[in-house]
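Chemist: So that we are looking at the same thing, I have put the structure below in C-alpha coordinates.
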Amino acid sequence: MSVTWANWFKFDRGTSRSSNSITPRMKATNDKQEVKIEEKNITNKNIFGEAASLELSDGFFTEKSYSPAMLMENKATARTLKVGSRGDDVKRLQENLNTLGFNTGKPDGIFGEGTKKAVIAFQKSKGLTADGVVGSGTQNAITRAINEKNSATNGVLKVGSRGSRVSNLQNSLNALGYNAGKADGIFGTGTQNEVIRFQKTYGLTADGQVGANTESAINKALNYKKNNILAKGQVSNDVKNLQNDLKTLGYLSGKADGAFGAGTESAVKAFQKKYGLPADGLAGTSTRTKIAEAIKEKNKPRPESNILKLGSKGEMLGPYKII
(Lines give C-alpha, C1' and ligand atoms only; values in the text may rest on other atoms or scores of the structure.)
Protein backbone atom coordinates (compact mmCIF):
# COMPACT_ATOMS: atom_id res chain seq x y z
CA MET A 1 0.00 0.00 0.00
CA SER A 2 1.46 3.35 -0.97
CA VAL A 3 0.59 6.67 0.59
CA THR A 4 1.12 10.10 -0.90
CA TRP A 5 1.53 12.20 2.23
CA ALA A 6 1.16 15.56 0.48
CA ASN A 7 -2.41 14.71 -0.38
CA TRP A 8 -3.35 14.26 3.27
CA PHE A 9 -1.07 16.11 5.64
CA LYS A 10 0.79 19.36 5.63
CA PHE A 11 4.20 19.02 7.32
CA ASP A 12 6.38 21.69 8.85
CA ARG A 13 9.68 21.81 7.09
CA GLY A 14 12.49 20.23 9.01
CA THR A 15 10.18 18.30 11.33
CA SER A 16 8.27 15.09 11.21
CA ARG A 17 5.18 16.60 12.85
CA SER A 18 2.03 17.36 10.87
CA SER A 19 -0.21 20.37 11.41
CA ASN A 20 -2.98 17.94 12.31
CA SER A 21 -1.12 16.71 15.39
CA ILE A 22 -0.73 13.26 13.90
CA THR A 23 2.83 11.96 13.84
CA PRO A 24 3.63 9.54 10.99
CA ARG A 25 6.20 6.91 11.69
CA MET A 26 7.59 4.76 8.87
CA LYS A 27 9.73 1.64 8.85
CA ALA A 28 10.88 -0.73 6.09
CA THR A 29 9.64 -4.30 6.19
CA ASN A 30 10.47 -6.71 3.33
CA ASP A 31 11.34 -3.83 1.01
CA LYS A 32 7.90 -2.27 1.65
CA GLN A 33 7.02 0.75 3.68
CA GLU A 34 4.62 0.17 6.52
CA VAL A 35 2.90 3.27 7.77
CA LYS A 36 1.77 3.68 11.38
CA ILE A 37 -0.20 6.61 12.62
CA GLU A 38 0.27 7.82 16.15
CA GLU A 39 -2.84 9.63 17.38
CA LYS A 40 -2.35 12.77 19.46
CA ASN A 41 -5.02 15.00 20.96
CA ILE A 42 -7.74 14.26 18.43
CA THR A 43 -10.40 13.24 20.90
CA ASN A 44 -13.58 15.24 20.42
CA LYS A 45 -16.24 15.45 23.07
CA ASN A 46 -19.44 17.15 22.10
CA ILE A 47 -23.03 16.37 21.30
CA PHE A 48 -21.90 14.49 18.21
CA GLY A 49 -20.21 11.76 20.23
CA GLU A 50 -18.04 10.71 23.09
CA ALA A 51 -14.89 10.21 21.02
CA ALA A 52 -13.53 9.74 17.53
CA SER A 53 -10.24 8.63 15.99
CA LEU A 54 -8.70 8.32 12.54
CA GLU A 55 -7.57 5.11 10.90
CA LEU A 56 -5.77 4.38 7.66
CA SER A 57 -7.75 2.23 5.28
CA ASP A 58 -7.47 1.52 1.54
CA GLY A 59 -5.13 4.43 0.92
CA PHE A 60 -7.10 7.13 2.71
CA PHE A 61 -8.01 8.23 6.20
CA THR A 62 -11.51 7.68 7.55
CA GLU A 63 -13.16 8.49 10.84
CA LYS A 64 -13.68 5.65 13.24
CA SER A 65 -16.50 6.23 15.68
CA TYR A 66 -16.42 4.97 19.26
CA SER A 67 -19.89 6.25 20.13
CA PRO A 68 -23.29 5.69 18.49
CA ALA A 69 -24.04 9.36 19.08
CA MET A 70 -21.02 10.38 16.93
CA LEU A 71 -22.02 12.93 14.33
CA MET A 72 -20.31 14.49 11.38
CA GLU A 73 -18.80 17.56 12.96
CA ASN A 74 -15.31 17.03 11.57
CA LYS A 75 -16.47 16.12 8.10
CA ALA A 76 -19.25 18.67 8.00
CA THR A 77 -16.70 21.43 8.41
CA ALA A 78 -14.84 20.05 5.40
CA ARG A 79 -17.76 19.66 3.03
CA THR A 80 -21.34 20.68 2.41
CA LEU A 81 -23.96 17.96 2.49
CA LYS A 82 -26.59 17.90 -0.22
CA VAL A 83 -28.53 15.56 -2.49
CA GLY A 84 -26.08 12.95 -3.73
CA SER A 85 -23.80 13.07 -0.67
CA ARG A 86 -23.05 9.74 0.95
CA GLY A 87 -21.28 8.58 4.07
CA ASP A 88 -21.37 8.33 7.83
CA ASP A 89 -21.77 12.09 8.18
CA VAL A 90 -24.97 11.90 6.14
CA LYS A 91 -26.19 9.05 8.30
CA ARG A 92 -25.53 11.08 11.46
CA LEU A 93 -27.35 14.02 9.92
CA GLN A 94 -30.36 11.79 9.28
CA GLU A 95 -30.26 10.41 12.82
CA ASN A 96 -30.21 13.91 14.28
CA LEU A 97 -33.03 15.19 12.12
CA ASN A 98 -35.11 12.19 13.15
CA THR A 99 -34.29 12.89 16.80
CA LEU A 100 -35.43 16.48 16.34
CA GLY A 101 -38.72 15.36 14.81
CA PHE A 102 -37.89 15.91 11.13
CA ASN A 103 -38.40 12.53 9.50
CA THR A 104 -35.78 11.40 7.02
CA GLY A 105 -36.81 7.76 7.10
CA LYS A 106 -34.31 5.07 8.02
CA PRO A 107 -30.80 6.55 8.29
CA ASP A 108 -28.85 4.96 5.44
CA GLY A 109 -26.07 7.48 4.78
CA ILE A 110 -27.52 8.49 1.42
CA PHE A 111 -28.67 12.10 1.01
CA GLY A 112 -31.81 11.70 -1.09
CA GLU A 113 -35.00 13.69 -1.59
CA GLY A 114 -36.44 12.53 1.74
CA THR A 115 -33.44 13.87 3.61
CA LYS A 116 -33.59 17.09 1.61
CA LYS A 117 -37.25 17.61 2.57
CA ALA A 118 -36.41 17.04 6.24
CA VAL A 119 -33.53 19.52 6.02
CA ILE A 120 -35.80 22.12 4.40
CA ALA A 121 -38.42 21.63 7.13
CA PHE A 122 -35.76 22.09 9.80
CA GLN A 123 -34.35 25.17 8.09
CA LYS A 124 -37.79 26.74 7.87
CA SER A 125 -38.41 26.08 11.57
CA LYS A 126 -35.22 27.98 12.41
CA GLY A 127 -35.66 30.82 9.94
CA LEU A 128 -32.75 29.68 7.77
CA THR A 129 -32.52 29.71 3.99
CA ALA A 130 -34.61 26.68 3.06
CA ASP A 131 -32.45 25.26 0.27
CA GLY A 132 -32.10 21.71 1.55
CA VAL A 133 -28.31 22.06 1.66
CA VAL A 134 -26.45 21.47 4.93
CA GLY A 135 -23.68 24.02 5.27
CA SER A 136 -22.07 25.37 8.42
CA GLY A 137 -25.08 27.54 9.33
CA THR A 138 -27.54 24.66 9.20
CA GLN A 139 -25.12 22.32 10.95
CA ASN A 140 -24.63 24.81 13.80
CA ALA A 141 -28.40 25.16 14.12
CA ILE A 142 -28.76 21.38 14.34
CA THR A 143 -26.08 21.32 17.03
CA ARG A 144 -27.93 23.93 19.07
CA ALA A 145 -31.23 22.09 18.64
CA ILE A 146 -29.70 18.83 19.85
CA ASN A 147 -28.24 20.63 22.86
CA GLU A 148 -31.65 22.10 23.66
CA LYS A 149 -33.29 18.72 23.34
CA ASN A 150 -30.71 17.14 25.61
CA SER A 151 -31.35 19.91 28.12
CA ALA A 152 -35.08 19.16 27.97
CA THR A 153 -34.43 15.48 28.49
CA ASN A 154 -32.37 16.34 31.54
CA GLY A 155 -35.20 18.28 33.13
CA VAL A 156 -36.05 21.81 31.99
CA LEU A 157 -38.52 22.31 29.15
CA LYS A 158 -38.21 25.55 27.22
CA VAL A 159 -38.49 27.05 23.75
CA GLY A 160 -36.90 24.59 21.34
CA SER A 161 -37.66 21.48 23.42
CA ARG A 162 -39.43 18.67 21.59
CA GLY A 163 -40.91 15.32 22.43
CA SER A 164 -43.53 13.51 24.47
CA ARG A 165 -42.84 15.55 27.62
CA VAL A 166 -43.70 18.71 25.71
CA SER A 167 -46.88 17.08 24.38
CA ASN A 168 -47.87 16.11 27.93
CA LEU A 169 -47.18 19.66 29.09
CA GLN A 170 -49.37 21.12 26.34
CA ASN A 171 -52.20 18.70 27.12
CA SER A 172 -51.97 19.57 30.82
CA LEU A 173 -52.06 23.31 30.17
CA ASN A 174 -55.08 22.91 27.89
CA ALA A 175 -56.85 20.78 30.51
CA LEU A 176 -56.25 23.50 33.11
CA GLY A 177 -57.95 26.09 30.90
CA TYR A 178 -54.95 27.59 29.13
CA ASN A 179 -54.48 27.65 25.38
CA ALA A 180 -51.30 25.86 24.36
CA GLY A 181 -52.84 24.92 21.02
CA LYS A 182 -52.44 21.52 19.42
CA ALA A 183 -50.25 19.18 21.46
CA ASP A 184 -47.60 18.76 18.77
CA GLY A 185 -44.64 18.19 21.09
CA ILE A 186 -42.91 21.39 19.96
CA PHE A 187 -42.22 23.98 22.65
CA GLY A 188 -42.72 27.24 20.75
CA THR A 189 -43.62 30.77 21.79
CA GLY A 190 -47.31 29.86 22.10
CA THR A 191 -46.55 27.21 24.69
CA GLN A 192 -44.10 29.56 26.39
CA ASN A 193 -46.76 32.26 26.72
CA GLU A 194 -49.20 29.85 28.35
CA VAL A 195 -46.53 28.60 30.73
CA ILE A 196 -45.92 32.22 31.74
CA ARG A 197 -49.68 32.70 32.29
CA PHE A 198 -49.79 29.65 34.52
CA GLN A 199 -46.73 30.74 36.46
CA LYS A 200 -48.21 34.21 37.06
CA THR A 201 -51.54 32.73 38.15
CA TYR A 202 -49.85 30.28 40.50
CA GLY A 203 -47.39 32.81 41.87
CA LEU A 204 -44.20 31.31 40.43
CA THR A 205 -41.29 33.02 38.68
CA ALA A 206 -42.69 33.75 35.22
CA ASP A 207 -39.72 32.76 33.06
CA GLY A 208 -41.62 30.58 30.59
CA GLN A 209 -39.49 27.54 31.41
CA VAL A 210 -40.81 24.37 32.98
CA GLY A 211 -38.48 23.19 35.71
CA ALA A 212 -39.24 21.04 38.72
CA ASN A 213 -41.31 23.68 40.58
CA THR A 214 -43.50 24.59 37.62
CA GLU A 215 -43.98 20.96 36.61
CA SER A 216 -44.97 20.04 40.16
CA ALA A 217 -47.45 22.94 40.36
CA ILE A 218 -49.04 21.99 37.04
CA ASN A 219 -49.42 18.37 38.12
CA LYS A 220 -50.92 19.42 41.45
CA ALA A 221 -53.45 21.76 39.84
CA LEU A 222 -54.34 19.09 37.28
CA ASN A 223 -54.80 16.44 39.95
CA TYR A 224 -57.21 18.70 41.88
CA LYS A 225 -59.17 19.37 38.71
CA LYS A 226 -59.51 15.65 38.01
CA ASN A 227 -61.02 15.31 41.49
CA ASN A 228 -63.52 18.14 40.88
CA ILE A 229 -61.71 20.53 43.20
CA LEU A 230 -61.17 24.15 42.20
CA ALA A 231 -57.62 25.13 43.09
CA LYS A 232 -54.82 27.58 42.38
CA GLY A 233 -53.57 27.50 38.82
CA GLN A 234 -56.87 26.56 37.19
CA VAL A 235 -58.75 28.73 34.70
CA SER A 236 -62.45 28.07 34.02
CA ASN A 237 -66.00 29.38 34.17
CA ASP A 238 -66.46 27.43 37.40
CA VAL A 239 -63.65 29.47 38.92
CA LYS A 240 -65.29 32.66 37.63
CA ASN A 241 -68.62 31.68 39.25
CA LEU A 242 -66.78 30.94 42.50
CA GLN A 243 -65.16 34.36 42.38
CA ASN A 244 -68.51 36.07 41.80
CA ASP A 245 -69.99 34.25 44.80
CA LEU A 246 -67.06 35.23 46.99
CA LYS A 247 -67.49 38.84 45.85
CA THR A 248 -71.19 38.71 46.69
CA LEU A 249 -70.34 37.42 50.16
CA GLY A 250 -67.72 40.13 50.62
CA TYR A 251 -64.62 37.95 50.63
CA LEU A 252 -63.17 39.01 47.29
CA SER A 253 -62.75 42.31 45.53
CA GLY A 254 -61.70 43.01 41.98
CA LYS A 255 -62.71 41.46 38.69
CA ALA A 256 -63.83 37.86 38.40
CA ASP A 257 -61.48 36.72 35.62
CA GLY A 258 -61.81 32.96 35.97
CA ALA A 259 -58.16 32.49 36.94
CA PHE A 260 -57.68 30.89 40.36
CA GLY A 261 -54.74 32.82 41.78
CA ALA A 262 -53.43 33.81 45.20
CA GLY A 263 -56.24 36.34 45.76
CA THR A 264 -58.95 33.75 45.15
CA GLU A 265 -57.14 31.25 47.35
CA SER A 266 -56.99 33.78 50.21
CA ALA A 267 -60.70 34.55 49.82
CA VAL A 268 -61.58 30.84 49.96
CA LYS A 269 -59.49 30.42 53.12
CA ALA A 270 -61.21 33.39 54.79
CA PHE A 271 -64.63 31.92 53.98
CA GLN A 272 -63.59 28.50 55.27
CA LYS A 273 -62.38 29.98 58.56
CA LYS A 274 -65.65 31.88 58.98
CA TYR A 275 -67.73 28.72 58.54
CA GLY A 276 -65.51 26.32 60.45
CA LEU A 277 -64.14 24.44 57.47
CA PRO A 278 -60.51 23.33 56.98
CA ALA A 279 -58.82 26.46 55.66
CA ASP A 280 -56.84 24.88 52.82
CA GLY A 281 -57.86 27.29 50.05
CA LEU A 282 -59.32 24.48 47.99
CA ALA A 283 -62.88 24.77 46.75
CA GLY A 284 -64.04 21.19 46.97
CA THR A 285 -67.58 19.87 47.35
CA SER A 286 -68.07 20.82 51.01
CA THR A 287 -66.73 24.35 50.58
CA ARG A 288 -68.72 25.02 47.43
CA THR A 289 -71.88 23.64 49.07
CA LYS A 290 -71.39 25.94 52.05
CA ILE A 291 -70.81 28.90 49.74
CA ALA A 292 -74.03 28.10 47.90
CA GLU A 293 -75.92 27.98 51.21
CA ALA A 294 -74.42 31.32 52.24
CA ILE A 295 -75.46 32.88 48.93
CA LYS A 296 -78.98 31.49 49.30
CA GLU A 297 -79.22 32.87 52.82
CA LYS A 298 -77.97 36.24 51.71
CA ASN A 299 -80.50 36.43 48.89
CA LYS A 300 -83.43 35.34 51.06
CA PRO A 301 -86.08 38.10 51.38
CA ARG A 302 -85.75 39.95 54.69
CA PRO A 303 -88.78 39.54 57.03
CA GLU A 304 -91.02 42.56 57.57
CA SER A 305 -90.45 44.49 60.80
CA ASN A 306 -92.93 44.04 63.69
CA ILE A 307 -94.61 47.35 63.12
CA LEU A 308 -98.41 47.46 63.17
CA LYS A 309 -99.96 49.66 60.59
CA LEU A 310 -103.25 50.16 58.80
CA GLY A 311 -104.04 46.98 56.96
CA SER A 312 -102.00 44.68 59.23
CA LYS A 313 -103.57 41.31 59.81
CA GLY A 314 -102.90 38.13 61.69
CA GLU A 315 -101.90 37.00 65.14
CA MET A 316 -99.66 40.02 65.69
CA LEU A 317 -102.77 42.08 66.44
CA GLY A 318 -103.65 39.90 69.45
CA PRO A 319 -106.08 41.63 71.75
CA TYR A 320 -105.26 44.98 70.22
CA LYS A 321 -107.82 46.83 68.24
CA ILE A 322 -107.06 49.31 65.55
CA ILE A 323 -109.16 52.47 65.82
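Chain identifiers are assigned as A, B, and so on, following the order in which chains appear in the C-alpha coordinates; residues are numbered from 1 within each chain, and ligands are numbered from 1 in order of appearance.
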Do you know which residues are at most 12 Å from Lys225 in chain A counting only C-alpha atoms, after dropping those on the same chain fewer than 6 positions away, and could you put them as a VMD selection string?

Modeler: chain A and resid 172 to 173 175 to 177 218 to 219 231 to 236 238 to 239 260 282 to 284

Chemist: Which residues are close to range 76-93 of chain A, i.e. within 6 Å by only C-alpha atoms, leaving aside same-chain residues fewer than 6 positions away? Reply as a PyMOL selection string.

Modeler: chain A and resi 107-112+133-135

Chemist: Mind listing the helix (DSSP H, G or I) residues of range 81-278 of chain A, per DSSP on the backbone, as JSON, numbers by chain?

Modeler: {"A": [88, 89, 90, 91, 92, 93, 94, 95, 96, 97, 98, 99, 113, 114, 115, 116, 117, 118, 119, 120, 121, 122, 123, 124, 125, 136, 137, 138, 139, 140, 141, 142, 143, 144, 145, 146, 147, 148, 149, 150, 151, 152, 153, 154, 164, 165, 166, 167, 168, 169, 170, 171, 172, 173, 174, 175, 189, 190, 191, 192, 193, 194, 195, 196, 197, 198, 199, 200, 201, 202, 212, 213, 214, 215, 216, 217, 218, 219, 220, 221, 222, 223, 224, 225, 226, 237, 238, 239, 240, 241, 242, 243, 244, 245, 246, 247, 248, 262, 263, 264, 265, 266, 267, 268, 269, 270, 271, 272, 273, 274]}

Chemist: Could you name the residues that touch Ala141 in chain A at 9 Å or less, counting only C-alpha atoms, but leaving out those on the same chain fewer than 4 positions away, as a list in words?

Modeler: Gln123, Lys126, Leu128, Ser136, Gly137, Ala145 and Ile146 of chain A

Chemist: Would you kindly return, as a ChimeraX atom specification, each protein, DNA or RNA residue with an atom no farther than 12 Å from any atom of range 186-197 of chain A, considering only C-alpha atoms and excluding same-chain residues fewer than 5 positions away?

Modeler: /A:100-102,125-126,145,148-149,152,156-174,176-181,202-211,214-215,217-218,233-235,259-261

Chemist: Rank A:Tyr251, A:Lys116, A:Ile142, A:Gly258 by their smallest atom-to-atom distance to Lys273 in chain A, using only C-alpha atoms, and report the top residue only.

Modeler: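 Looking at the shortest contact to Lys273 in chain A, the residue is A:Tyr251.
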
Chemist: For a test of reading the model, state the distance in Å between CA of Asp245 in chain A and CA of Gly281 in chain A, rounded to one decimal.

Modeler: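 Between CA of Asp245 in chain A and CA of Gly281 in chain A the gap is 14.9 Å.
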
Chemist: In Å, rounded to a single decimal, give me how far CA of Val119 in chain A is from CA of Thr99 in chain A.

Modeler: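 Computing it gives 12.7 Å between the two atoms.
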
Chemist: Find the residue from A:Asn103, A:Ser216, A:Ser253, A:Gln199 that sits nearest to Ala267 in chain A; use only C-alpha atoms when measuring.

Modeler: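 Among the listed residues, the smallest separation from Ala267 in chain A belongs to A:Ser253.
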
Chemist: Taking only C-alpha atoms into account, name the residue in A:Thr129, A:Asn213, A:Asn98, A:Asn241 that is nearest to Ala292 in chain A.

Modeler: A:Asn241

Chemist: Would you list the contacts of Ala118 in chain A as a PyMOL selection string, taking every protein, DNA or RNA residue within 8 Å and counting only C-alpha atoms, but skipping same-chain residues closer than 2 positions in sequence?

Modeler: chain A and resi 97+102-104+114-116+120-122+132

Chemist: What's the separation between CA of Lys269 in chain A and CA of Arg302 in chain A, in Å to one decimal place?

Modeler: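 CA of Lys269 in chain A sits 28.0 Å away from CA of Arg302 in chain A.
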
Chemist: Can you tell me, as a count of residues only, what residues are no more than 9 Å from Ser286 in chain A when counting only C-alpha atoms, ignoring any on the same chain fewer than 4 positions away?

Modeler: 3
